[in-house]
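Down below is the structure, laid out as structure tokens.
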Amino acid sequence: MSAANRRPVSRSGGERSLDTSHGTVLYLEGLSVSFDGFKAINDLSLYINDGELRCVIGPNGAGKTTLMDIVTGKTRPDEGEAWFGQTLDLLRLDEAAIANAGIGRKFQQPTVFTELTVAENLELAMAGNRNVLSVLRAKLSGEQRDLIASTLERIGLVALRDMNASTLSHGQKQWLEIGMLLMQQPRLLLVDEPATGMTHQEMAQTGELLCSLAGDHSVVVVEHDMDFVRSLDSPVTVLHQGSVLAEGSLDAIQSDPLVRSVYLGE
Amino acid sequence: MNRYLSAVLADRMGVVLLTVLLVSAVWVPIASLVLPASHPLHMGSYSVALWGKYLCFGLLALSLDMVWGKLGILSLGHGVFFGLGGYVMGMYLMRQVGDRGVYGDPILPDFMVFLNWDELPWYWFGFDHAWIAFPLILIVPGLLAYVFGALAFRSRVTGVYLSIITQAMTYAVMLAFFRNELGFGGNNGLTGFFDILGYDLREDVTRAALFSATALSLAGCYVLCRCLFATRLGLLCTAVRDAESRVRFLGYRTDRVKLSVFVLSAAIAGLAGALYVPQVGIINPGEFSPLNSIEIVIWVALGGRGTLWGAVVGAVVVNVAKTQFTGWLPEGWLFMLGGLFVLTTLYLPRGLAMLVPKRVSGS
Ligand SMILES: Nc1ncnc2c1ncn2[C@@H]1O[C@H](COP(=O)(O)OP(=O)(O)OP(=O)(O)O)[C@@H](O)[C@H]1O
Ligand SMILES: [Mg+2]
């Protein structure tokens, strides 16, 4: 399960050269993971199209977060395959290499660097050369400052730019982590429960932001809040006990008797 | 350049420390060489060497704070790097002895003659040249840190496990250095030095110069650290310390970040050891004792980890207290140290640095 002994990063990352000629950005096939005999992911297959916005829903413990763990290299599956584009085998890369290849992630429990300021959090996340010497010599160019400023505006944290991230509320941390995700300029964004701790208005803004990203980026959103999912107006995949139970529009899903029985509790 | 300068200036306690170091680098030679012995401010060569020793410990504490306070790596074996730097210097000083040893052998140090060795082991070659030996002061500890760190950080050993293996490392090195066959003087270590770079170690001038060199090295390394942590790499270190696994998902190889700073820290610890040896006149395997490494941790904890200046202050304060205390109750020191440690952990969890208001320290 450990990612420790995987291949180290290819430094420049494969982002530019990602081959999506078949229109699919992420292939997950026949994935299974078990923790101490408990199958958290069970023969799961899922395909995400280039530029698509996809919602993944499912009851607690369905395996949504574990799915993201597999894609980002945190957890290694017992079986199955995971490909980024046509050519990048995600199971052979470590977390850093996967991130550099263009997959960014927002965690369910927002994790930002609490002893750094909001702006510094964004600076660290900013796309760029990640090797130690380049980081040592890195200096913000005017352009990069503008990028940080515009991202701060986008996530509504302009006034807090020089505050320690530890002082942020839960919702603000969510925003900051989304901002970090934007700074990374990933090709594929995995967003785990972004709306938790947000007001309705903030939720609407988040929804708008995610929708605006689709097209240039592929976005996978895990969410429990049905109103939020509805606002995204995107195809929905239902996970249940580690496998895909149903796929389709939210309306179709909600009227599916199978989904109603296992998920909506009817 | 500007951002480095402002980082150094923003750390006001650091500025105070640097000022004290620079002033003492000038003052101590004056007090020891120019002022007559009858003058109340005159410093004897004993106290010059003593303060030089304290500053070596300050430098060692700084090197530990770089990795512990700034990067979250609690090394319980930092004494190994200090000791190795000390041994490199000791080997150089040993070769300077020449035929003035007890046995009068022009090449072989006394302990080798005593062991009936008839030629210098290959790894002693070149140590008679300062230009070969001095770079090794940084390279040898750095190399050990590199090998150790590459293995440990790559395989993601962290926390208590990492601390334990650093301790095991210094213990293993100590056992090895105790063996006569290794060729570093066994349990007696290296001693009986005469001169450094041609200057007699017993002369007041040499001692004063060594003190100043130590004060300037400490000041230089302090500024180096401040500047290092003012870069984006410094931000990254904080991030790694607080949430290492999260950093990986941003695409950074955290093991390499840790390795780079760890190696630099080891080199600084080696420098501290090398400055220490000519001032105390001896290096032996006791320096590798796990207890020594734990003491370094206590200095940093007492002074205030993560502040850099606090580590230096902690090292000096604890060692001044040690000298005083062992004067009148030699057996009691370890209890005293342990008690101090417990008290600070309870009442000053962030060390002496806590006593300085943020307004004043500027950080
Ligand atoms: N590292 C782990 N060790 C053991 N069990 C785990 C581990 N990670 C996840 N699990 C288990 O796997 C199952 C799936 O967990 P996962 O976090 O993927 O669910 P989820 O769909 O994200 O749920 P939620 O909606 O509550 O976030 C759960 O039963 C969880 O307890
Ligand atoms: Mg989850």
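Lettering and numbering for the structure tokens are positional, with chains as A, B, ... in the shown order, residues counted from 1 in each chain, and ligands counted from 1 in the shown order.
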**OP:** Could you list the residues in chain A lying within 9 Å of chain B, using only C-alpha atoms, and format the result as a PyMOL selection string?
**Re:** chain A and resi 4-5+8-9+72-74+94-101+103-105+111-116+120-121+123-127+130-139+180-181+184
Subject >> Non-local contacts of stretch 42-51 of chain B (12 Å; only C-alpha atoms; under 3 positions in same chain excluded) as an NGL selection string >> reply: :B and (21 or 24-25 or 27-39 or 54-58 or 201-215 or 275-281 or 315-317 or 319-320 or 322-324)
**OP:** Please extract the residues at most 12 Å from ligand 1, counting only C-alpha atoms and all ligand atoms, and provide them as a ChimeraX atom specification, using the chain letters and residue numbers of this document.
**Re:** /A:1-2,32-42,56-70,74-77,107-109,191-194,196,221-225,238-244,263
Show which residues sit within 12 Å of B:Tyr103, as a PDB file with all heavy atoms, in the first residue's frame. Count only C-alpha atoms, and ignore same-chain residues fewer than 4 positions away.
ATOM      1  N   VAL B  97      51.870  17.661  14.544  1.00  0.00           N
ATOM      2  CA  VAL B  97      52.782  17.384  15.656  1.00  0.00           C
ATOM      3  C   VAL B  97      54.162  17.004  15.131  1.00  0.00           C
ATOM      4  O   VAL B  97      55.191  17.406  15.668  1.00  0.00           O
ATOM      5  CB  VAL B  97      52.207  16.267  16.558  1.00  0.00           C
ATOM      6  CG1 VAL B  97      53.229  15.820  17.588  1.00  0.00           C
ATOM      7  CG2 VAL B  97      50.928  16.744  17.227  1.00  0.00           C
ATOM      8  N   GLY B  98      54.178  16.251  14.023  1.00  0.00           N
ATOM      9  CA  GLY B  98      55.456  15.847  13.432  1.00  0.00           C
ATOM     10  C   GLY B  98      56.288  15.034  14.409  1.00  0.00           C
ATOM     11  O   GLY B  98      55.763  14.167  15.103  1.00  0.00           O
ATOM     12  N   ASP B  99      57.567  15.326  14.501  1.00  0.00           N
ATOM     13  CA  ASP B  99      58.445  14.501  15.344  1.00  0.00           C
ATOM     14  C   ASP B  99      58.491  14.987  16.793  1.00  0.00           C
ATOM     15  O   ASP B  99      59.360  14.604  17.561  1.00  0.00           O
ATOM     16  CB  ASP B  99      59.851  14.432  14.749  1.00  0.00           C
ATOM     17  CG  ASP B  99      60.467  15.815  14.634  1.00  0.00           C
ATOM     18  OD1 ASP B  99      59.845  16.774  15.140  1.00  0.00           O
ATOM     19  OD2 ASP B  99      61.543  15.939  14.018  1.00  0.00           O
ATOM     20  N   ILE B 107      56.418  10.805  11.162  1.00  0.00           N
ATOM     21  CA  ILE B 107      55.150  10.659  10.437  1.00  0.00           C
ATOM     22  C   ILE B 107      54.044  10.172  11.362  1.00  0.00           C
ATOM     23  O   ILE B 107      52.985  10.784  11.461  1.00  0.00           O
ATOM     24  CB  ILE B 107      55.293   9.645   9.273  1.00  0.00           C
ATOM     25  CG1 ILE B 107      56.412  10.064   8.308  1.00  0.00           C
ATOM     26  CG2 ILE B 107      53.960   9.489   8.545  1.00  0.00           C
ATOM     27  CD1 ILE B 107      56.049  11.132   7.336  1.00  0.00           C
ATOM     28  N   LEU B 108      54.305   9.049  12.034  1.00  0.00           N
ATOM     29  CA  LEU B 108      53.231   8.383  12.760  1.00  0.00           C
ATOM     30  C   LEU B 108      52.888   9.092  14.065  1.00  0.00           C
ATOM     31  O   LEU B 108      53.775   9.435  14.850  1.00  0.00           O
ATOM     32  CB  LEU B 108      53.648   6.941  13.091  1.00  0.00           C
ATOM     33  CG  LEU B 108      53.802   5.994  11.913  1.00  0.00           C
ATOM     34  CD1 LEU B 108      54.045   4.580  12.426  1.00  0.00           C
ATOM     35  CD2 LEU B 108      52.590   6.036  11.015  1.00  0.00           C
ATOM     36  N   PRO B 109      51.578   9.301  14.318  1.00  0.00           N
ATOM     37  CA  PRO B 109      51.157   9.783  15.638  1.00  0.00           C
ATOM     38  C   PRO B 109      51.542   8.758  16.713  1.00  0.00           C
ATOM     39  O   PRO B 109      51.648   7.558  16.423  1.00  0.00           O
ATOM     40  CB  PRO B 109      49.630   9.884  15.519  1.00  0.00           C
ATOM     41  CG  PRO B 109      49.347   9.933  14.054  1.00  0.00           C
ATOM     42  CD  PRO B 109      50.445   9.155  13.396  1.00  0.00           C
ATOM     43  N   ASP B 110      51.702   9.241  17.919  1.00  0.00           N
ATOM     44  CA  ASP B 110      52.150   8.386  19.022  1.00  0.00           C
ATOM     45  C   ASP B 110      51.363   7.093  19.162  1.00  0.00           C
ATOM     46  O   ASP B 110      51.931   6.018  19.342  1.00  0.00           O
ATOM     47  CB  ASP B 110      52.063   9.162  20.351  1.00  0.00           C
ATOM     48  CG  ASP B 110      53.278  10.064  20.536  1.00  0.00           C
ATOM     49  OD1 ASP B 110      54.265   9.871  19.785  1.00  0.00           O
ATOM     50  OD2 ASP B 110      53.233  10.953  21.404  1.00  0.00           O
ATOM     51  N   PHE B 111      50.014   7.203  19.067  1.00  0.00           N
ATOM     52  CA  PHE B 111      49.228   5.993  19.342  1.00  0.00           C
ATOM     53  C   PHE B 111      49.488   4.906  18.312  1.00  0.00           C
ATOM     54  O   PHE B 111      49.377   3.729  18.597  1.00  0.00           O
ATOM     55  CB  PHE B 111      47.730   6.323  19.468  1.00  0.00           C
ATOM     56  CG  PHE B 111      47.042   6.649  18.171  1.00  0.00           C
ATOM     57  CD1 PHE B 111      46.497   5.630  17.394  1.00  0.00           C
ATOM     58  CD2 PHE B 111      46.921   7.961  17.737  1.00  0.00           C
ATOM     59  CE1 PHE B 111      45.845   5.926  16.214  1.00  0.00           C
ATOM     60  CE2 PHE B 111      46.279   8.261  16.550  1.00  0.00           C
ATOM     61  CZ  PHE B 111      45.740   7.240  15.776  1.00  0.00           C
ATOM     62  N   MET B 112      49.891   5.297  17.103  1.00  0.00           N
ATOM     63  CA  MET B 112      50.183   4.295  16.079  1.00  0.00           C
ATOM     64  C   MET B 112      51.526   3.615  16.369  1.00  0.00           C
ATOM     65  O   MET B 112      51.669   2.411  16.194  1.00  0.00           O
ATOM     66  CB  MET B 112      50.207   4.925  14.691  1.00  0.00           C
ATOM     67  CG  MET B 112      48.838   5.385  14.228  1.00  0.00           C
ATOM     68  SD  MET B 112      48.876   5.932  12.524  1.00  0.00           S
ATOM     69  CE  MET B 112      47.297   6.747  12.404  1.00  0.00           C
ATOM     70  N   VAL B 113      52.473   4.418  16.833  1.00  0.00           N
ATOM     71  CA  VAL B 113      53.766   3.840  17.217  1.00  0.00           C
ATOM     72  C   VAL B 113      53.543   2.845  18.354  1.00  0.00           C
ATOM     73  O   VAL B 113      54.066   1.729  18.350  1.00  0.00           O
ATOM     74  CB  VAL B 113      54.742   4.950  17.679  1.00  0.00           C
ATOM     75  CG1 VAL B 113      56.095   4.334  18.044  1.00  0.00           C
ATOM     76  CG2 VAL B 113      54.905   6.007  16.602  1.00  0.00           C
ATOM     77  N   PHE B 114      52.711   3.268  19.280  1.00  0.00           N
ATOM     78  CA  PHE B 114      52.409   2.441  20.439  1.00  0.00           C
ATOM     79  C   PHE B 114      51.779   1.118  20.019  1.00  0.00           C
ATOM     80  O   PHE B 114      52.022   0.062  20.611  1.00  0.00           O
ATOM     81  CB  PHE B 114      51.463   3.207  21.366  1.00  0.00           C
ATOM     82  CG  PHE B 114      51.171   2.495  22.655  1.00  0.00           C
ATOM     83  CD1 PHE B 114      52.105   2.457  23.683  1.00  0.00           C
ATOM     84  CD2 PHE B 114      49.954   1.849  22.829  1.00  0.00           C
ATOM     85  CE1 PHE B 114      51.828   1.789  24.863  1.00  0.00           C
ATOM     86  CE2 PHE B 114      49.669   1.186  24.012  1.00  0.00           C
ATOM     87  CZ  PHE B 114      50.612   1.153  25.033  1.00  0.00           C
ATOM     88  N   LEU B 115      50.964   1.157  18.941  1.00  0.00           N
ATOM     89  CA  LEU B 115      50.310  -0.061  18.445  1.00  0.00           C
ATOM     90  C   LEU B 115      51.226  -0.866  17.518  1.00  0.00           C
ATOM     91  O   LEU B 115      50.784  -1.828  16.892  1.00  0.00           O
ATOM     92  CB  LEU B 115      49.027   0.298  17.692  1.00  0.00           C
ATOM     93  CG  LEU B 115      47.860   0.843  18.530  1.00  0.00           C
ATOM     94  CD1 LEU B 115      46.732   1.323  17.618  1.00  0.00           C
ATOM     95  CD2 LEU B 115      47.344  -0.198  19.503  1.00  0.00           C
ATOM     96  N   ASN B 116      52.491  -0.388  17.392  1.00  0.00           N
ATOM     97  CA  ASN B 116      53.456  -1.049  16.513  1.00  0.00           C
ATOM     98  C   ASN B 116      53.079  -1.008  15.041  1.00  0.00           C
ATOM     99  O   ASN B 116      53.402  -1.914  14.285  1.00  0.00           O
ATOM    100  CB  ASN B 116      53.662  -2.519  16.921  1.00  0.00           C
ATOM    101  CG  ASN B 116      54.448  -2.601  18.203  1.00  0.00           C
ATOM    102  OD1 ASN B 116      55.369  -1.814  18.419  1.00  0.00           O
ATOM    103  ND2 ASN B 116      54.065  -3.536  19.054  1.00  0.00           N
TER     104      ASN B 116
END
With the cut-off set at 12 Å and counting only C-alpha atoms, tabulate each residue of stretch 193-229 of chain A with an atom at most that distance from an atom of stretch 249-260 of chain A, showing the nearest atom pair and its distance in Å to one decimal, ordered by chain and increasing number, as a tab-separated table.
residue	atom	partner	partner_atom	distance
A:Met226	CA	A:Leu250	CA	9.1
A:Asp227	CA	A:Leu250	CA	10.5
A:Phe228	CA	A:Leu250	CA	11.3
A:Val229	CA	A:Leu250	CA	8.0
Write to file, as a short mmCIF file (atom, residue, chain, number, x, y, z; two decimals), in the first residue's frame, the residues of the selection just made, with N, CA, C and O atoms.
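Result went into part-v5.cif, see below:
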data_model
loop_
_atom_site.label_atom_id
_atom_site.label_comp_id
_atom_site.auth_asym_id
_atom_site.auth_seq_id
_atom_site.Cartn_x
_atom_site.Cartn_y
_atom_site.Cartn_z
N MET A 226 -27.03 17.48 -2.01
CA MET A 226 -27.72 17.26 -3.29
C MET A 226 -28.04 18.57 -4.02
O MET A 226 -28.01 18.63 -5.24
N ASP A 227 -28.32 19.63 -3.25
CA ASP A 227 -28.59 20.91 -3.90
C ASP A 227 -27.36 21.39 -4.64
O ASP A 227 -27.43 21.92 -5.75
N PHE A 228 -26.21 21.18 -3.98
CA PHE A 228 -24.96 21.59 -4.61
C PHE A 228 -24.74 20.78 -5.89
O PHE A 228 -24.40 21.33 -6.94
N VAL A 229 -24.95 19.46 -5.79
CA VAL A 229 -24.75 18.61 -6.97
C VAL A 229 -25.68 19.05 -8.09
O VAL A 229 -25.27 19.16 -9.25
#
**OP:** Go through A:Val236, A:Ala165, A:Val118, A:Leu190 one by one, measure the shortest atom-to-atom distance of each to ligand 2 using only C-alpha atoms and all ligand atoms, and give the residue with the smallest value.
**Re:**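 The shortest atom-to-atom distance to ligand 2 comes from A:Leu190.
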Subject >> B:Ser6 surroundings by only C-alpha atoms, 12 Å radius, close-in-sequence under 3 positions cut, as a PyMOL selection string >> reply: chain B and resi 1-3+9-12+15+223+226-227+230-231+362
**OP:** Mind checking which residues fall within 10 Å of B:Leu197, counting only C-alpha atoms, ignoring those fewer than 6 positions away in the same chain, and posting them as a list in words?
**Re:** Tyr92, Leu93, Gln96, His129, Ala130 and Thr206 of chain B
Keeping only all heavy atoms, take the residues you just selected and write them out as a PDB file, in the first residue's frame.
ATOM      1  N   TYR B  92      44.146  16.524  11.455  1.00  0.00           N
ATOM      2  CA  TYR B  92      45.030  17.563  10.922  1.00  0.00           C
ATOM      3  C   TYR B  92      46.029  18.004  11.995  1.00  0.00           C
ATOM      4  O   TYR B  92      47.243  18.066  11.759  1.00  0.00           O
ATOM      5  CB  TYR B  92      44.196  18.750  10.425  1.00  0.00           C
ATOM      6  CG  TYR B  92      45.013  20.007  10.234  1.00  0.00           C
ATOM      7  CD1 TYR B  92      45.836  20.167   9.117  1.00  0.00           C
ATOM      8  CD2 TYR B  92      44.981  21.029  11.186  1.00  0.00           C
ATOM      9  CE1 TYR B  92      46.613  21.309   8.956  1.00  0.00           C
ATOM     10  CE2 TYR B  92      45.749  22.176  11.032  1.00  0.00           C
ATOM     11  CZ  TYR B  92      46.564  22.304   9.916  1.00  0.00           C
ATOM     12  OH  TYR B  92      47.324  23.434   9.767  1.00  0.00           O
ATOM     13  N   LEU B  93      45.511  18.269  13.198  1.00  0.00           N
ATOM     14  CA  LEU B  93      46.382  18.750  14.281  1.00  0.00           C
ATOM     15  C   LEU B  93      47.417  17.686  14.650  1.00  0.00           C
ATOM     16  O   LEU B  93      48.572  17.994  14.954  1.00  0.00           O
ATOM     17  CB  LEU B  93      45.541  19.123  15.510  1.00  0.00           C
ATOM     18  CG  LEU B  93      44.584  20.298  15.315  1.00  0.00           C
ATOM     19  CD1 LEU B  93      43.700  20.479  16.542  1.00  0.00           C
ATOM     20  CD2 LEU B  93      45.347  21.589  15.023  1.00  0.00           C
ATOM     21  N   GLN B  96      50.256  17.756  12.406  1.00  0.00           N
ATOM     22  CA  GLN B  96      51.113  18.925  12.616  1.00  0.00           C
ATOM     23  C   GLN B  96      52.144  18.672  13.706  1.00  0.00           C
ATOM     24  O   GLN B  96      53.129  19.388  13.811  1.00  0.00           O
ATOM     25  CB  GLN B  96      50.276  20.159  13.004  1.00  0.00           C
ATOM     26  CG  GLN B  96      49.238  20.568  11.986  1.00  0.00           C
ATOM     27  CD  GLN B  96      49.833  20.751  10.622  1.00  0.00           C
ATOM     28  OE1 GLN B  96      50.694  21.589  10.396  1.00  0.00           O
ATOM     29  NE2 GLN B  96      49.376  19.930   9.678  1.00  0.00           N
ATOM     30  N   HIS B 129      47.926  18.501   5.197  1.00  0.00           N
ATOM     31  CA  HIS B 129      47.676  19.742   4.445  1.00  0.00           C
ATOM     32  C   HIS B 129      46.336  20.331   4.847  1.00  0.00           C
ATOM     33  O   HIS B 129      45.306  19.659   4.757  1.00  0.00           O
ATOM     34  CB  HIS B 129      47.624  19.464   2.943  1.00  0.00           C
ATOM     35  CG  HIS B 129      48.906  18.893   2.406  1.00  0.00           C
ATOM     36  ND1 HIS B 129      50.082  19.596   2.393  1.00  0.00           N
ATOM     37  CD2 HIS B 129      49.180  17.684   1.873  1.00  0.00           C
ATOM     38  CE1 HIS B 129      51.037  18.843   1.870  1.00  0.00           C
ATOM     39  NE2 HIS B 129      50.525  17.676   1.554  1.00  0.00           N
ATOM     40  N   ALA B 130      46.362  21.586   5.266  1.00  0.00           N
ATOM     41  CA  ALA B 130      45.102  22.229   5.668  1.00  0.00           C
ATOM     42  C   ALA B 130      44.123  22.281   4.504  1.00  0.00           C
ATOM     43  O   ALA B 130      42.924  22.109   4.688  1.00  0.00           O
ATOM     44  CB  ALA B 130      45.381  23.639   6.182  1.00  0.00           C
ATOM     45  N   THR B 206      46.840  32.777  19.580  1.00  0.00           N
ATOM     46  CA  THR B 206      46.148  31.719  18.861  1.00  0.00           C
ATOM     47  C   THR B 206      44.774  31.481  19.461  1.00  0.00           C
ATOM     48  O   THR B 206      43.781  31.327  18.749  1.00  0.00           O
ATOM     49  CB  THR B 206      46.975  30.426  18.913  1.00  0.00           C
ATOM     50  OG1 THR B 206      48.337  30.761  18.684  1.00  0.00           O
ATOM     51  CG2 THR B 206      46.498  29.437  17.882  1.00  0.00           C
TER      52      THR B 206
END
**OP:** Pick out each residue of stretch 176-221 of chain A that DSSP on the backbone tags as strand (DSSP E or B); I need them as a PyMOL selection string.
**Re:** chain A and resi 188-192+214+217-221
Original post:
Which polymer residues have any atom within 12 Å of an atom of B:Val263, counting only C-alpha atoms, with same-chain residues fewer than 2 positions away left out, as a PyMOL selection string?
Top reply: chain B and resi 63-64+66-67+78+81+138-150+256-261+265-270
Original post:
Which is closest to B:Asp118 among B:Leu346, B:Ile298, B:Asp105, B:Phe262, if we use only C-alpha atoms?
Top reply: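 The shortest atom-to-atom distance to B:Asp118 comes from B:Asp105.
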**OP:** Would you kindly return, as a PyMOL selection string, each protein, DNA or RNA residue with an atom no farther than 12 Å from any atom of A:Ser21, considering only C-alpha atoms and excluding same-chain residues fewer than 5 positions away?
**Re:** chain A and resi 26+49-50+84-87
